[in-house]
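**Student:** My questions all concern the structure below.
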Amino acid sequence: MKNAFSIKGTLNAHSDIPGDKSISHRALILSAFASSKSQIKGLNQGLDLLKTRQALESIGCYFQDEGPELISYGYPPILQSPSSSIFLGNSGTSARLLTGVFSALPVMLTLTGDASLSQRPMDRVVIPLQLMGAKIQAATGKFLPIKIKGAPLNPIRYEIPVPSAQLKSALLLAGMLTKGTTKIIEEVPTRDHTERLMSYFGIPLTIKDKEISISGLAPYQGKHIFIPGDPSAAAFFVVAALITPHSHLFLKGISWNPLRNQVFTVLQQMGGKIHVTNPRIVCGEPVADIEVFSSTLYGIETLSSQAPQLIDEFPILSIAAACAQGESIFRGLGELRFKESDRLHAIHYNLSQCGYVVRIQGDDLYILGQSNRPKHNLKIDTFGDHRIAMSFEIFGLLHPGRMKIDSKEMIQTSFPSFYQCLEHLKISPSR
Ligand code: S3P
């Protein structure tokens, strides 16, 4: 560790840490169908959000950048069908949420994506939308391209078979645009940003135990929306500070949504010195500031029931586990196989390449911490996945000059300012 960098300083939401990606998608979509103008502050500037914005623009929605804010003009006077297909790049959230939206609107269009997105399962949204009467067709019933001939849908009562916030949100959005009451039952809780933002807009939504009910076609007014910092983005730097020596980091204005902040609880249970201050509610979402110090970490076991709430953080948690004393077991990671890459394989492959003792058993991942040190000139295969790329860049702080990721390009999808943040905080080992 004696050559490792230190991490020191402060990262602020928006100027440093991007606005939460999930809330940003929902803010664009919900504001686009309000009956008056909305002002959105702190929108994530990644490519994925650009894809959602462009898709909405292609049917006639109108947005305008005004300094640090985005103005969304609300329900377009005329909806149009785009003349060419809508390319959603790498963005699974755009693909799933917009399939729900467009199915219920009078538009005809085709959604496409890049090679990775085209291999991700879309049947989980297509099947229930077809039950609502949607005229949609996915390639081999499962994948993009999806052809949509939008038309009025029928409400359904549907128990979602996989814990997926994208699936839940696609159906809630379709329900919002459908006459009658749509009911979604969610056995395992997943991120609830759609529900919170709908309630903030005044859209009639009720939650009773595991059942979410939405009454469709109720007009609602535009709002001022302030998006907190993305906790999944913040987690890279929290782990950076924990695993590097003499580090001390402040993060301000980060989402403290209880279905998103579990990564910080797990890191605290691993021995991480993480203090949370100034908890507050902003536009219906919990927000807090975080202070982090270098820490000795210990192995941990997480359960399958925790996986949906840690789903985007397993790559960076695996780096924490590799630096911890003892073994970590992350259980129930089957859904990781369907992310921007097969993340279970990507983590296993790269940590094994670095010489660590790692194994996958069923859907569980075992990592023996501190079981090796990377060799020189180690090439990390990101598999075109932004979170794998950022996780191994953070790991590289411990091994300056000894490991290199194969491509940085995909980081633009969610965290365009990642390298600026890193440079701003990195204190050279020789200082
Ligand atoms: C997201 C939900 C999660 C997450 C993705 C964003 C969302 O996907 O992995 O990065 O914004 O709803 P699933 O709901 O498919 O697990």
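All residue names refer to the structure tokens as shown: chains lettered A, B, ... in order, residues numbered from 1 in each chain, ligands numbered from 1 in order.
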List as a count of residues only the protein and nucleic acid residues near A:Lys135, meaning an atom at most 9 Å away when only C-alpha atoms are counted, but skip any in the same chain fewer than 2 places from it.
**Tutor:** 10
**Student:** Determine which residues of stretch 284-399 of chain A DSSP labels as alpha helix (DSSP H) from the backbone of this structure, then write them out as a short mmCIF file (atom, residue, chain, number, x, y, z; two decimals) with N, CA, C and O atoms, in the first residue's frame.
**Tutor:**
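As written to disk, out-v4.cif reads:
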```
data_model
loop_
_atom_site.label_atom_id
_atom_site.label_comp_id
_atom_site.auth_asym_id
_atom_site.auth_seq_id
_atom_site.Cartn_x
_atom_site.Cartn_y
_atom_site.Cartn_z
N ALA A 307 -29.87 -7.85 -2.56
CA ALA A 307 -29.28 -7.61 -3.88
C ALA A 307 -29.98 -6.50 -4.68
O ALA A 307 -29.30 -5.64 -5.26
N PRO A 308 -31.33 -6.46 -4.72
CA PRO A 308 -31.96 -5.41 -5.55
C PRO A 308 -31.58 -3.99 -5.10
O PRO A 308 -31.55 -3.07 -5.91
N GLN A 309 -31.28 -3.84 -3.80
CA GLN A 309 -30.97 -2.49 -3.32
C GLN A 309 -29.49 -2.13 -3.42
O GLN A 309 -29.07 -1.03 -3.06
N LEU A 310 -28.69 -3.11 -3.89
CA LEU A 310 -27.25 -2.87 -4.06
C LEU A 310 -26.86 -3.10 -5.51
O LEU A 310 -25.67 -3.15 -5.84
N PHE A 314 -22.44 -3.56 -6.91
CA PHE A 314 -21.60 -4.75 -6.70
C PHE A 314 -20.21 -4.63 -7.35
O PHE A 314 -19.24 -5.12 -6.76
N PRO A 315 -20.06 -3.96 -8.49
CA PRO A 315 -18.68 -3.83 -9.00
C PRO A 315 -17.76 -3.09 -8.02
O PRO A 315 -16.66 -3.57 -7.72
N ILE A 316 -18.23 -1.96 -7.47
CA ILE A 316 -17.34 -1.22 -6.56
C ILE A 316 -17.28 -1.91 -5.18
O ILE A 316 -16.23 -1.89 -4.52
N LEU A 317 -18.37 -2.58 -4.78
CA LEU A 317 -18.30 -3.35 -3.52
C LEU A 317 -17.29 -4.49 -3.64
O LEU A 317 -16.63 -4.86 -2.67
N SER A 318 -17.15 -5.04 -4.85
CA SER A 318 -16.18 -6.12 -5.06
C SER A 318 -14.75 -5.61 -4.90
O SER A 318 -13.87 -6.34 -4.43
N ILE A 319 -14.54 -4.36 -5.28
CA ILE A 319 -13.20 -3.77 -5.08
C ILE A 319 -12.96 -3.61 -3.57
O ILE A 319 -11.86 -3.93 -3.07
N ALA A 320 -13.99 -3.13 -2.85
CA ALA A 320 -13.84 -3.01 -1.38
C ALA A 320 -13.55 -4.39 -0.79
O ALA A 320 -12.68 -4.53 0.08
N ALA A 321 -14.26 -5.42 -1.29
CA ALA A 321 -14.06 -6.79 -0.77
C ALA A 321 -12.65 -7.29 -1.06
O ALA A 321 -12.04 -7.96 -0.22
N ALA A 322 -12.12 -6.94 -2.24
CA ALA A 322 -10.76 -7.38 -2.59
C ALA A 322 -9.73 -6.73 -1.66
O ALA A 322 -8.67 -7.29 -1.41
N CYS A 323 -10.07 -5.55 -1.12
CA CYS A 323 -9.13 -4.84 -0.24
C CYS A 323 -9.34 -5.17 1.23
O CYS A 323 -8.58 -4.73 2.09
N ARG A 343 -22.06 -8.60 -15.49
CA ARG A 343 -21.16 -8.05 -14.47
C ARG A 343 -20.60 -9.11 -13.54
O ARG A 343 -19.49 -8.94 -13.00
N LEU A 344 -21.32 -10.19 -13.36
CA LEU A 344 -20.82 -11.26 -12.50
C LEU A 344 -19.53 -11.82 -13.13
O LEU A 344 -18.50 -11.96 -12.48
N HIS A 345 -19.59 -12.06 -14.43
CA HIS A 345 -18.42 -12.56 -15.15
C HIS A 345 -17.32 -11.50 -15.17
O HIS A 345 -16.14 -11.80 -14.96
N ALA A 346 -17.70 -10.25 -15.43
CA ALA A 346 -16.70 -9.18 -15.56
C ALA A 346 -15.91 -9.00 -14.26
O ALA A 346 -14.68 -8.85 -14.28
N ILE A 347 -16.60 -9.06 -13.14
CA ILE A 347 -15.92 -8.90 -11.84
C ILE A 347 -15.00 -10.10 -11.60
O ILE A 347 -13.82 -9.96 -11.25
N HIS A 348 -15.56 -11.30 -11.82
CA HIS A 348 -14.80 -12.53 -11.59
C HIS A 348 -13.56 -12.57 -12.48
O HIS A 348 -12.45 -12.83 -12.02
N TYR A 349 -13.76 -12.25 -13.75
CA TYR A 349 -12.66 -12.32 -14.72
C TYR A 349 -11.53 -11.36 -14.33
O TYR A 349 -10.36 -11.74 -14.26
N ASN A 350 -11.89 -10.12 -14.05
CA ASN A 350 -10.85 -9.12 -13.81
C ASN A 350 -10.15 -9.32 -12.47
O ASN A 350 -8.92 -9.18 -12.39
N LEU A 351 -10.91 -9.67 -11.43
CA LEU A 351 -10.23 -9.91 -10.14
C LEU A 351 -9.34 -11.15 -10.24
O LEU A 351 -8.24 -11.19 -9.68
N SER A 352 -9.79 -12.16 -10.99
CA SER A 352 -8.94 -13.36 -11.18
C SER A 352 -7.67 -12.98 -11.93
O SER A 352 -6.57 -13.40 -11.56
N GLN A 353 -7.82 -12.15 -12.97
CA GLN A 353 -6.65 -11.69 -13.73
C GLN A 353 -5.66 -10.98 -12.81
O GLN A 353 -4.46 -11.03 -13.02
N HIS A 386 -19.59 0.82 -18.09
CA HIS A 386 -19.11 2.00 -17.36
C HIS A 386 -18.79 1.71 -15.89
O HIS A 386 -17.79 2.21 -15.37
N ARG A 387 -19.61 0.89 -15.24
CA ARG A 387 -19.36 0.67 -13.80
C ARG A 387 -18.15 -0.25 -13.56
O ARG A 387 -17.47 -0.12 -12.55
N ILE A 388 -17.90 -1.16 -14.48
CA ILE A 388 -16.68 -2.00 -14.36
C ILE A 388 -15.47 -1.09 -14.58
O ILE A 388 -14.48 -1.15 -13.83
N ALA A 389 -15.56 -0.21 -15.57
CA ALA A 389 -14.44 0.70 -15.86
C ALA A 389 -14.12 1.57 -14.64
O ALA A 389 -12.97 1.63 -14.19
N MET A 390 -15.13 2.21 -14.06
CA MET A 390 -14.86 3.11 -12.93
C MET A 390 -14.37 2.35 -11.70
O MET A 390 -13.47 2.82 -10.99
N SER A 391 -14.93 1.17 -11.47
CA SER A 391 -14.51 0.38 -10.30
C SER A 391 -13.02 0.04 -10.37
O SER A 391 -12.29 0.16 -9.38
N PHE A 392 -12.57 -0.36 -11.55
CA PHE A 392 -11.16 -0.77 -11.66
C PHE A 392 -10.24 0.44 -11.75
O PHE A 392 -9.07 0.35 -11.37
N GLU A 393 -10.74 1.59 -12.19
CA GLU A 393 -9.93 2.81 -12.10
C GLU A 393 -9.68 3.14 -10.62
O GLU A 393 -8.59 3.56 -10.24
N ILE A 394 -10.70 2.95 -9.78
CA ILE A 394 -10.54 3.20 -8.34
C ILE A 394 -9.55 2.19 -7.74
O ILE A 394 -8.66 2.55 -6.97
N PHE A 395 -9.67 0.93 -8.14
CA PHE A 395 -8.74 -0.11 -7.66
C PHE A 395 -7.31 0.29 -8.03
O PHE A 395 -6.38 0.10 -7.24
#
```
**Student:** Which protein, DNA or RNA residues have an atom within 10 Å of ligand 1, counting only C-alpha atoms and all ligand atoms, as a short mmCIF file (atom, residue, chain, number, x, y, z; two decimals) with all heavy atoms, in the first residue's frame?
**Tutor:**
```cif
data_model
loop_
_atom_site.label_atom_id
_atom_site.label_comp_id
_atom_site.auth_asym_id
_atom_site.auth_seq_id
_atom_site.Cartn_x
_atom_site.Cartn_y
_atom_site.Cartn_z
N ASP A 20 -28.57 12.28 -9.87
CA ASP A 20 -28.93 10.86 -9.90
C ASP A 20 -29.51 10.48 -11.27
O ASP A 20 -30.42 11.12 -11.78
CB ASP A 20 -29.95 10.57 -8.80
CG ASP A 20 -30.25 9.10 -8.72
OD1 ASP A 20 -29.41 8.37 -8.21
OD2 ASP A 20 -31.31 8.69 -9.24
N LYS A 21 -28.95 9.41 -11.82
CA LYS A 21 -29.32 8.99 -13.18
C LYS A 21 -30.77 8.50 -13.22
O LYS A 21 -31.52 8.86 -14.13
CB LYS A 21 -28.36 7.88 -13.63
CG LYS A 21 -28.56 7.42 -15.06
CD LYS A 21 -27.29 6.78 -15.60
CE LYS A 21 -27.13 5.33 -15.22
NZ LYS A 21 -27.99 4.41 -15.97
N SER A 22 -31.17 7.70 -12.26
CA SER A 22 -32.54 7.16 -12.26
C SER A 22 -33.56 8.29 -12.13
O SER A 22 -34.56 8.33 -12.86
CB SER A 22 -32.73 6.19 -11.10
OG SER A 22 -31.94 5.06 -11.30
N ILE A 23 -33.32 9.20 -11.19
CA ILE A 23 -34.28 10.31 -10.99
C ILE A 23 -34.30 11.19 -12.24
O ILE A 23 -35.34 11.69 -12.66
CB ILE A 23 -33.95 11.13 -9.73
CG1 ILE A 23 -33.94 10.22 -8.49
CG2 ILE A 23 -34.95 12.27 -9.55
CD1 ILE A 23 -33.54 10.91 -7.19
N SER A 24 -33.13 11.36 -12.88
CA SER A 24 -33.06 12.22 -14.08
C SER A 24 -33.95 11.68 -15.20
O SER A 24 -34.67 12.44 -15.84
CB SER A 24 -31.62 12.33 -14.57
OG SER A 24 -30.83 12.99 -13.60
N HIS A 25 -33.89 10.36 -15.46
CA HIS A 25 -34.76 9.77 -16.50
C HIS A 25 -36.23 10.07 -16.18
O HIS A 25 -37.00 10.47 -17.04
CB HIS A 25 -34.59 8.25 -16.55
CG HIS A 25 -33.34 7.78 -17.24
ND1 HIS A 25 -33.15 7.88 -18.59
CD2 HIS A 25 -32.23 7.18 -16.76
CE1 HIS A 25 -31.98 7.36 -18.92
NE2 HIS A 25 -31.39 6.93 -17.82
N ARG A 26 -36.59 9.86 -14.91
CA ARG A 26 -37.99 10.04 -14.52
C ARG A 26 -38.40 11.51 -14.58
O ARG A 26 -39.54 11.83 -14.93
CB ARG A 26 -38.21 9.47 -13.12
CG ARG A 26 -38.17 7.92 -13.14
CD ARG A 26 -37.51 7.35 -11.95
NE ARG A 26 -37.59 5.91 -11.85
CZ ARG A 26 -36.66 5.06 -12.30
NH1 ARG A 26 -35.58 5.50 -12.91
NH2 ARG A 26 -36.80 3.75 -12.14
N SER A 91 -28.52 2.61 -23.10
CA SER A 91 -29.36 2.90 -21.94
C SER A 91 -30.57 1.99 -21.76
O SER A 91 -31.63 2.18 -22.37
CB SER A 91 -29.83 4.35 -22.01
OG SER A 91 -30.62 4.65 -20.90
N GLY A 92 -30.43 1.04 -20.85
CA GLY A 92 -31.51 0.11 -20.52
C GLY A 92 -32.69 0.84 -19.88
O GLY A 92 -33.85 0.48 -20.11
N THR A 93 -32.40 1.84 -19.05
CA THR A 93 -33.49 2.57 -18.39
C THR A 93 -34.34 3.28 -19.44
O THR A 93 -35.57 3.24 -19.39
CB THR A 93 -32.93 3.58 -17.36
OG1 THR A 93 -31.97 2.91 -16.55
CG2 THR A 93 -34.03 4.13 -16.48
N SER A 94 -33.68 3.93 -20.43
CA SER A 94 -34.45 4.59 -21.50
C SER A 94 -35.31 3.55 -22.21
O SER A 94 -36.51 3.77 -22.44
CB SER A 94 -33.52 5.23 -22.54
OG SER A 94 -32.53 6.02 -21.93
N ARG A 96 -36.50 0.56 -21.36
CA ARG A 96 -37.62 -0.06 -20.64
C ARG A 96 -38.69 0.98 -20.28
O ARG A 96 -39.88 0.76 -20.52
CB ARG A 96 -37.10 -0.79 -19.41
CG ARG A 96 -36.09 -1.89 -19.81
CD ARG A 96 -36.10 -3.05 -18.86
NE ARG A 96 -35.21 -4.11 -19.33
CZ ARG A 96 -33.97 -4.28 -18.93
NH1 ARG A 96 -33.43 -3.47 -18.05
NH2 ARG A 96 -33.24 -5.28 -19.40
N LEU A 97 -38.27 2.12 -19.74
CA LEU A 97 -39.26 3.12 -19.33
C LEU A 97 -40.02 3.67 -20.55
O LEU A 97 -41.24 3.82 -20.53
CB LEU A 97 -38.59 4.27 -18.57
CG LEU A 97 -38.51 4.10 -17.03
CD1 LEU A 97 -37.90 2.79 -16.62
CD2 LEU A 97 -37.78 5.27 -16.39
N ARG A 120 -29.96 -7.28 -24.12
CA ARG A 120 -30.56 -7.29 -22.77
C ARG A 120 -32.06 -7.60 -22.86
O ARG A 120 -32.73 -7.17 -23.79
CB ARG A 120 -30.31 -5.94 -22.09
CG ARG A 120 -28.81 -5.72 -21.87
CD ARG A 120 -28.53 -4.41 -21.21
NE ARG A 120 -29.08 -4.35 -19.86
CZ ARG A 120 -29.08 -3.25 -19.12
NH1 ARG A 120 -28.57 -2.12 -19.60
NH2 ARG A 120 -29.58 -3.26 -17.91
N PRO A 121 -32.56 -8.37 -21.88
CA PRO A 121 -33.95 -8.84 -21.98
C PRO A 121 -34.98 -7.71 -21.88
O PRO A 121 -34.95 -6.92 -20.94
CB PRO A 121 -34.08 -9.79 -20.79
CG PRO A 121 -33.01 -9.40 -19.85
CD PRO A 121 -31.88 -8.85 -20.67
N MET A 122 -35.85 -7.66 -22.86
CA MET A 122 -36.93 -6.67 -22.87
C MET A 122 -38.28 -7.34 -22.67
O MET A 122 -39.28 -6.67 -22.49
CB MET A 122 -36.94 -5.90 -24.20
CG MET A 122 -35.71 -5.05 -24.43
SD MET A 122 -35.59 -3.71 -23.21
CE MET A 122 -33.82 -3.55 -23.07
N ARG A 124 -39.42 -8.81 -20.20
CA ARG A 124 -39.99 -8.52 -18.89
C ARG A 124 -40.94 -7.32 -18.94
O ARG A 124 -41.89 -7.27 -18.17
CB ARG A 124 -38.88 -8.32 -17.84
CG ARG A 124 -37.89 -7.24 -18.21
CD ARG A 124 -36.77 -7.10 -17.20
NE ARG A 124 -35.95 -8.30 -17.06
CZ ARG A 124 -34.98 -8.42 -16.17
NH1 ARG A 124 -34.72 -7.44 -15.33
NH2 ARG A 124 -34.26 -9.53 -16.10
N VAL A 162 -39.73 -10.28 -11.52
CA VAL A 162 -38.31 -10.05 -11.19
C VAL A 162 -38.21 -8.73 -10.46
O VAL A 162 -38.90 -7.77 -10.84
CB VAL A 162 -37.40 -9.90 -12.45
CG1 VAL A 162 -36.69 -11.14 -12.81
CG2 VAL A 162 -38.13 -9.29 -13.63
N PRO A 163 -37.37 -8.66 -9.41
CA PRO A 163 -37.27 -7.36 -8.72
C PRO A 163 -36.57 -6.35 -9.63
O PRO A 163 -35.35 -6.35 -9.73
CB PRO A 163 -36.44 -7.68 -7.47
CG PRO A 163 -35.76 -8.96 -7.75
CD PRO A 163 -36.48 -9.67 -8.84
N SER A 164 -37.33 -5.54 -10.32
CA SER A 164 -36.75 -4.58 -11.26
C SER A 164 -37.51 -3.26 -11.22
O SER A 164 -38.71 -3.21 -11.51
CB SER A 164 -36.79 -5.15 -12.69
OG SER A 164 -36.61 -4.11 -13.63
N ALA A 165 -36.80 -2.20 -10.83
CA ALA A 165 -37.41 -0.87 -10.78
C ALA A 165 -37.74 -0.38 -12.19
O ALA A 165 -38.68 0.39 -12.39
CB ALA A 165 -36.47 0.11 -10.10
N GLN A 166 -36.97 -0.86 -13.16
CA GLN A 166 -37.24 -0.44 -14.54
C GLN A 166 -38.57 -1.02 -15.01
O GLN A 166 -39.37 -0.34 -15.64
CB GLN A 166 -36.11 -0.89 -15.46
CG GLN A 166 -34.82 -0.15 -15.18
CD GLN A 166 -33.68 -0.57 -16.08
OE1 GLN A 166 -33.78 -1.55 -16.80
NE2 GLN A 166 -32.59 0.16 -16.02
N LEU A 167 -38.81 -2.29 -14.68
CA LEU A 167 -40.07 -2.93 -15.06
C LEU A 167 -41.24 -2.26 -14.33
O LEU A 167 -42.24 -1.87 -14.95
CB LEU A 167 -39.99 -4.43 -14.72
CG LEU A 167 -41.30 -5.21 -14.71
CD1 LEU A 167 -42.04 -5.07 -16.02
CD2 LEU A 167 -41.02 -6.68 -14.42
N LYS A 168 -41.10 -2.10 -13.02
CA LYS A 168 -42.16 -1.45 -12.24
C LYS A 168 -42.47 -0.08 -12.83
O LYS A 168 -43.64 0.28 -13.03
CB LYS A 168 -41.67 -1.31 -10.79
CG LYS A 168 -42.55 -0.45 -9.91
CD LYS A 168 -42.04 -0.39 -8.46
CE LYS A 168 -40.71 0.31 -8.30
NZ LYS A 168 -40.30 0.45 -6.89
N SER A 169 -41.42 0.68 -13.16
CA SER A 169 -41.62 2.05 -13.64
C SER A 169 -42.24 2.08 -15.03
O SER A 169 -43.07 2.94 -15.32
CB SER A 169 -40.27 2.78 -13.66
OG SER A 169 -39.73 2.76 -12.36
N ALA A 170 -41.84 1.14 -15.89
CA ALA A 170 -42.44 1.08 -17.24
C ALA A 170 -43.95 0.90 -17.11
O ALA A 170 -44.74 1.55 -17.82
CB ALA A 170 -41.83 -0.09 -18.02
N THR A 190 -37.83 -2.32 -4.70
CA THR A 190 -36.77 -1.79 -5.55
C THR A 190 -36.86 -0.26 -5.51
O THR A 190 -37.84 0.28 -4.99
CB THR A 190 -36.92 -2.24 -7.01
OG1 THR A 190 -38.17 -1.73 -7.52
CG2 THR A 190 -36.91 -3.76 -7.14
N ARG A 191 -35.88 0.42 -6.08
CA ARG A 191 -35.84 1.89 -5.97
C ARG A 191 -37.19 2.50 -6.34
O ARG A 191 -37.84 2.06 -7.30
CB ARG A 191 -34.68 2.45 -6.80
CG ARG A 191 -34.78 2.22 -8.28
CD ARG A 191 -33.50 2.64 -9.00
NE ARG A 191 -32.42 1.73 -8.71
CZ ARG A 191 -31.15 1.91 -9.09
NH1 ARG A 191 -30.82 2.98 -9.80
NH2 ARG A 191 -30.23 1.03 -8.80
N ASP A 192 -37.60 3.49 -5.54
CA ASP A 192 -38.97 4.00 -5.65
C ASP A 192 -39.03 5.43 -6.20
O ASP A 192 -39.92 6.20 -5.83
CB ASP A 192 -39.65 3.94 -4.27
CG ASP A 192 -38.90 4.74 -3.21
OD1 ASP A 192 -37.83 5.31 -3.53
OD2 ASP A 192 -39.37 4.82 -2.06
N HIS A 193 -38.09 5.80 -7.05
CA HIS A 193 -38.05 7.19 -7.54
C HIS A 193 -39.27 7.54 -8.38
O HIS A 193 -39.72 8.69 -8.37
CB HIS A 193 -36.80 7.43 -8.38
CG HIS A 193 -35.53 7.10 -7.66
ND1 HIS A 193 -35.18 7.68 -6.46
CD2 HIS A 193 -34.52 6.25 -7.96
CE1 HIS A 193 -34.02 7.19 -6.06
NE2 HIS A 193 -33.59 6.32 -6.95
N THR A 194 -39.80 6.57 -9.13
CA THR A 194 -40.99 6.87 -9.95
C THR A 194 -42.15 7.23 -9.04
O THR A 194 -42.84 8.24 -9.25
CB THR A 194 -41.35 5.64 -10.82
OG1 THR A 194 -40.19 5.27 -11.55
CG2 THR A 194 -42.48 5.96 -11.78
N SER A 232 -24.86 6.05 -6.53
CA SER A 232 -24.06 5.01 -7.20
C SER A 232 -22.76 5.61 -7.73
O SER A 232 -21.74 4.93 -7.77
CB SER A 232 -24.85 4.39 -8.36
OG SER A 232 -26.11 3.96 -7.91
N ALA A 307 -29.87 -7.85 -2.56
CA ALA A 307 -29.28 -7.61 -3.88
C ALA A 307 -29.98 -6.50 -4.68
O ALA A 307 -29.30 -5.64 -5.26
CB ALA A 307 -29.20 -8.91 -4.68
N PRO A 308 -31.33 -6.46 -4.72
CA PRO A 308 -31.96 -5.41 -5.55
C PRO A 308 -31.58 -3.99 -5.10
O PRO A 308 -31.55 -3.07 -5.91
CB PRO A 308 -33.47 -5.64 -5.36
CG PRO A 308 -33.58 -7.07 -4.96
CD PRO A 308 -32.34 -7.36 -4.16
N GLN A 309 -31.28 -3.84 -3.80
CA GLN A 309 -30.97 -2.49 -3.32
C GLN A 309 -29.49 -2.13 -3.42
O GLN A 309 -29.07 -1.03 -3.06
CB GLN A 309 -31.48 -2.34 -1.90
CG GLN A 309 -33.00 -2.37 -1.88
CD GLN A 309 -33.59 -2.61 -0.52
OE1 GLN A 309 -32.95 -2.34 0.49
NE2 GLN A 309 -34.80 -3.13 -0.50
N LEU A 310 -28.69 -3.11 -3.89
CA LEU A 310 -27.25 -2.87 -4.06
C LEU A 310 -26.86 -3.10 -5.51
O LEU A 310 -25.67 -3.15 -5.84
CB LEU A 310 -26.47 -3.86 -3.18
CG LEU A 310 -26.62 -3.74 -1.67
CD1 LEU A 310 -26.05 -4.99 -0.98
CD2 LEU A 310 -25.90 -2.50 -1.16
N ILE A 311 -27.87 -3.24 -6.37
CA ILE A 311 -27.67 -3.86 -7.68
C ILE A 311 -26.59 -3.18 -8.52
O ILE A 311 -25.81 -3.84 -9.19
CB ILE A 311 -29.03 -3.99 -8.44
CG1 ILE A 311 -28.91 -4.97 -9.60
CG2 ILE A 311 -29.58 -2.64 -8.88
CD1 ILE A 311 -28.80 -6.38 -9.17
N ASP A 312 -26.52 -1.83 -8.47
CA ASP A 312 -25.52 -1.15 -9.30
C ASP A 312 -24.16 -1.03 -8.62
O ASP A 312 -23.20 -0.57 -9.23
CB ASP A 312 -26.03 0.26 -9.67
CG ASP A 312 -27.18 0.18 -10.68
OD1 ASP A 312 -27.29 -0.84 -11.39
OD2 ASP A 312 -27.96 1.14 -10.74
N GLU A 313 -24.12 -1.40 -7.34
CA GLU A 313 -22.89 -1.15 -6.57
C GLU A 313 -22.01 -2.39 -6.40
O GLU A 313 -20.95 -2.31 -5.79
CB GLU A 313 -23.23 -0.57 -5.20
CG GLU A 313 -23.65 0.88 -5.23
CD GLU A 313 -25.09 1.06 -5.67
OE1 GLU A 313 -25.99 0.49 -5.05
OE2 GLU A 313 -25.31 1.78 -6.68
N GLU A 335 -29.24 -11.24 -11.36
CA GLU A 335 -29.63 -10.11 -12.23
C GLU A 335 -28.41 -9.36 -12.79
O GLU A 335 -28.51 -8.66 -13.79
CB GLU A 335 -30.51 -9.12 -11.45
CG GLU A 335 -32.00 -9.45 -11.52
CD GLU A 335 -32.62 -9.26 -12.91
OE1 GLU A 335 -32.53 -8.15 -13.45
OE2 GLU A 335 -33.18 -10.22 -13.45
N LEU A 336 -27.24 -9.53 -12.14
CA LEU A 336 -26.03 -8.85 -12.65
C LEU A 336 -25.65 -9.34 -14.03
O LEU A 336 -24.94 -8.66 -14.77
CB LEU A 336 -24.83 -9.09 -11.72
CG LEU A 336 -24.71 -8.30 -10.43
CD1 LEU A 336 -23.28 -8.33 -9.94
CD2 LEU A 336 -25.14 -6.86 -10.60
N PHE A 338 -27.50 -9.49 -16.49
CA PHE A 338 -28.29 -8.79 -17.51
C PHE A 338 -28.06 -7.29 -17.50
O PHE A 338 -28.90 -6.53 -17.98
CB PHE A 338 -29.78 -9.10 -17.31
CG PHE A 338 -30.07 -10.56 -17.25
CD1 PHE A 338 -30.51 -11.15 -16.08
CD2 PHE A 338 -29.85 -11.37 -18.36
CE1 PHE A 338 -30.76 -12.51 -16.01
CE2 PHE A 338 -30.09 -12.73 -18.30
CZ PHE A 338 -30.54 -13.30 -17.13
N LYS A 339 -26.97 -6.85 -16.96
CA LYS A 339 -26.69 -5.40 -16.90
C LYS A 339 -25.93 -4.98 -18.17
O LYS A 339 -25.93 -5.69 -19.16
CB LYS A 339 -25.92 -5.08 -15.62
CG LYS A 339 -26.75 -5.31 -14.37
CD LYS A 339 -27.96 -4.39 -14.34
CE LYS A 339 -28.91 -4.71 -13.22
NZ LYS A 339 -30.14 -3.94 -13.29
N GLU A 340 -25.27 -3.82 -18.12
CA GLU A 340 -24.59 -3.31 -19.31
C GLU A 340 -23.57 -4.31 -19.85
O GLU A 340 -23.18 -4.28 -21.02
CB GLU A 340 -23.95 -1.95 -19.01
CG GLU A 340 -24.95 -0.81 -18.88
CD GLU A 340 -25.62 -0.69 -17.51
OE1 GLU A 340 -25.80 -1.71 -16.81
OE2 GLU A 340 -25.97 0.45 -17.14
N ARG A 387 -19.61 0.89 -15.24
CA ARG A 387 -19.36 0.67 -13.80
C ARG A 387 -18.15 -0.25 -13.56
O ARG A 387 -17.47 -0.12 -12.55
CB ARG A 387 -20.61 0.11 -13.11
CG ARG A 387 -21.77 1.09 -13.14
CD ARG A 387 -22.86 0.77 -12.15
NE ARG A 387 -24.10 1.43 -12.54
CZ ARG A 387 -24.39 2.71 -12.29
NH1 ARG A 387 -23.53 3.47 -11.65
NH2 ARG A 387 -25.54 3.23 -12.68
N SER A 414 -22.78 7.64 -17.90
CA SER A 414 -23.39 8.00 -16.61
C SER A 414 -22.64 9.07 -15.84
O SER A 414 -23.22 9.77 -15.02
CB SER A 414 -23.51 6.76 -15.73
OG SER A 414 -22.23 6.28 -15.36
#
```
**Student:** For A:Glu57, please output as a PyMOL selection string all residues within 10 Å (counting only C-alpha atoms; exclusion window: fewer than 3 positions along the same chain).
**Tutor:** chain A and resi 32+51-54+60-63+76+79-80+82
**Student:** Would you write out those residues with C-alpha atoms, as a short mmCIF file (atom, residue, chain, number, x, y, z; two decimals), in the first residue's frame?
**Tutor:**
```
data_model
loop_
_atom_site.label_atom_id
_atom_site.label_comp_id
_atom_site.auth_asym_id
_atom_site.auth_seq_id
_atom_site.Cartn_x
_atom_site.Cartn_y
_atom_site.Cartn_z
CA ALA A 32 -42.71 15.97 -20.54
CA LYS A 51 -30.96 9.37 -25.27
CA THR A 52 -34.12 9.72 -23.16
CA ARG A 53 -34.33 13.43 -23.98
CA GLN A 54 -33.85 12.87 -27.73
CA GLY A 60 -42.73 16.32 -30.12
CA CYS A 61 -41.75 17.00 -26.49
CA TYR A 62 -39.74 20.18 -26.07
CA PHE A 63 -36.85 20.93 -23.69
CA PRO A 76 -46.72 18.59 -26.49
CA LEU A 79 -47.63 14.16 -30.80
CA GLN A 80 -45.72 12.96 -33.84
CA PRO A 82 -40.57 9.96 -35.81
#
```
